[in-house]
Amino acid sequence: MAATQPPVPADLGAAYQGAVRELEVLRHERSVLARKLKSERNLRPWQIELLKLQRHLEDESLRMIVLFEGRDAAGKGGAIRRVTRYMNEKHYRVVALGRPTEEQRSQWYFQRYVAQFPAGGEMVLFDRSWYNRAMVERVFGFCTPKEYSDFLRGVTGFEKDLVRQGTVLVKLYFSVTREEQARRFERRRTDPLRRWKLSEIDLQAQDRWDDFTKRKYEMLVRTDTRTAPWVIVRANDKQQARLNSIKVLLNAVDYKERDPDLNFATDPDIVVPGAEEIALMRAERRRSGRFTG
């Protein structure tokens, strides 16, 4: 007669199951880390090109402004960090302005942004810009309808003067789907290392999705110009968004010593001209009766 196996203690069984779960988590984290490391390695040739671009700006005393706009959690900050990771800190600045003071509210709207503009040989990257007025301020009522209307009437002339006087201006709009934004918000909510990123405005972004979409459409229609066009970056895939946004910056300036072995063409599934995005949004509205995106 075969000997019966002694029962496994409950606490030992629970410990085993716990160890299995921890092992699965570790394997997942290792896989995620491996993908991130591969992505970072893939960016290195382009980050070297950014150094060449920066040196060209210095040599030619050129001014460059890059606007990073888009929905909350669309990946603007991560893209900015990859752009600037190896750049000479003496010749670039990242500007992320908070709410205007009462004194600033009494000034010309663009004044506090102009105060941050680059000198010759410098690049300034705006993590949100004067287009706050066209999106966040309008959606949440932080500006009056007249202030909003005045902004849309005046911004194109403002940007035309900037470009006419020699400033290289690049306007990037990072776009994610509603589902992807919700997933990223949930990660911020549950991850202690990311919870600080979750703001009160973030908490309302999903409820106001359609409002933001309408303002995005109006902003593109009114401010996508030949002089200062919008570039839409599809950012559901963060790694591709970062790579392609870097390519957009590199293509904005005919800098010296460009690597002939690199393919500078952007992915048309990731980078969409503003005019094309307007056409896509109009087609979607005709098809479904409402905007998406």
# chains A, B, ... in the order shown; residues from 1 in each chain; ligands from 1
$ residues_around --residues "Trp230 of chain A" --least-positions-apart "6" --cutoff "7 Å" --atoms "only C-alpha atoms" --output "ChimeraX atom specification"
/A:171-172,224,273-274
$ closest_atom_pairs --of "segment 196-246 of chain A" --to "segment 149-168 of chain A" --cutoff "8 Å" --atoms "only C-alpha atoms" --output "JSON lines"
{"residue": "A:Met219", "atom": "CA", "partner": "A:Leu152", "partner_atom": "CA", "distance": 7.6}
{"residue": "A:Arg222", "atom": "CA", "partner": "A:Leu152", "partner_atom": "CA", "distance": 6.6}
{"residue": "A:Thr223", "atom": "CA", "partner": "A:Thr156", "partner_atom": "CA", "distance": 5.9}
{"residue": "A:Thr225", "atom": "CA", "partner": "A:Thr156", "partner_atom": "CA", "distance": 7.5}
{"residue": "A:Thr227", "atom": "CA", "partner": "A:Lys160", "partner_atom": "CA", "distance": 6.1}
{"residue": "A:Ala228", "atom": "CA", "partner": "A:Glu159", "partner_atom": "CA", "distance": 6.7}
$ residues_around --residues "Ser175 of chain A" --least-positions-apart "2" --cutoff "9 Å" --atoms "only C-alpha atoms" --output "compact mmCIF listing (two decimals) with N, CA and C atoms, in the first residue's frame"
# COMPACT_ATOMS: atom_id res chain seq x y z
N GLU A 69 3.00 70.68 -26.86
CA GLU A 69 1.61 70.80 -26.44
C GLU A 69 0.93 69.43 -26.54
N GLY A 70 -0.30 69.35 -26.04
CA GLY A 70 -1.04 68.11 -26.14
C GLY A 70 -1.80 67.79 -24.87
N ARG A 71 -2.48 66.69 -24.90
CA ARG A 71 -3.30 66.29 -23.76
C ARG A 71 -2.43 65.92 -22.57
N ALA A 74 0.21 62.77 -22.26
CA ALA A 74 0.51 62.39 -23.64
C ALA A 74 1.99 62.10 -23.87
N GLY A 75 2.84 62.36 -22.87
CA GLY A 75 4.26 62.03 -23.01
C GLY A 75 5.15 63.20 -23.37
N TYR A 173 2.24 68.82 -31.24
CA TYR A 173 1.05 68.49 -30.44
C TYR A 173 1.02 66.98 -30.25
N THR A 177 -5.03 58.45 -27.40
CA THR A 177 -6.43 58.08 -27.36
C THR A 177 -6.97 58.25 -25.94
N ILE A 232 1.48 67.01 -35.57
CA ILE A 232 0.81 66.12 -34.62
C ILE A 232 1.67 64.87 -34.44
N VAL A 233 1.91 64.51 -33.18
CA VAL A 233 2.69 63.31 -32.86
C VAL A 233 1.77 62.30 -32.18
N ARG A 234 1.50 61.19 -32.86
CA ARG A 234 0.69 60.12 -32.27
C ARG A 234 1.53 59.47 -31.17
N ALA A 235 1.06 59.58 -29.92
CA ALA A 235 1.93 59.26 -28.79
C ALA A 235 1.46 58.08 -27.95
N ASN A 236 0.58 57.24 -28.48
CA ASN A 236 0.21 56.03 -27.73
C ASN A 236 1.44 55.15 -27.48
N GLY A 293 -10.33 61.99 -31.08
CA GLY A 293 -8.90 62.27 -31.16
C GLY A 293 -8.47 63.44 -30.30
$ residues_around --residues "Asp261 of chain A" --least-positions-apart "6" --cutoff "12 Å" --atoms "only C-alpha atoms" --output "compact mmCIF listing (two decimals) with N, CA and C atoms, in the first residue's frame"
# COMPACT_ATOMS: atom_id res chain seq x y z
N PRO A 45 21.88 57.40 -31.67
CA PRO A 45 22.35 58.08 -32.90
C PRO A 45 21.63 59.40 -33.13
N TRP A 46 20.36 59.47 -32.74
CA TRP A 46 19.58 60.69 -32.95
C TRP A 46 19.94 61.75 -31.92
N GLU A 49 22.89 63.40 -33.19
CA GLU A 49 22.51 64.40 -34.18
C GLU A 49 22.00 65.68 -33.51
$ closest_residue --among "A:Ala241, A:Met135, A:Ala14, A:Ile65" --to "Asp269 of chain A" --atoms "only C-alpha atoms"
A:Ala241
$ atom_distance --atom1 "atom CA of Ala73 of chain A" --atom2 "atom CA of Asn244 of chain A"
17.7 Å
$ residues_around --residues "Arg282 of chain A" --least-positions-apart "2" --cutoff "12 Å" --atoms "only C-alpha atoms" --output "PyMOL selection string"
chain A and resi 213-214+217-218+220-221+275-280+284-293
$ closest_residue --among "A:Arg242, A:Arg183, A:His91, A:Arg178" --to "Leu125 of chain A" --atoms "only C-alpha atoms"
A:His91
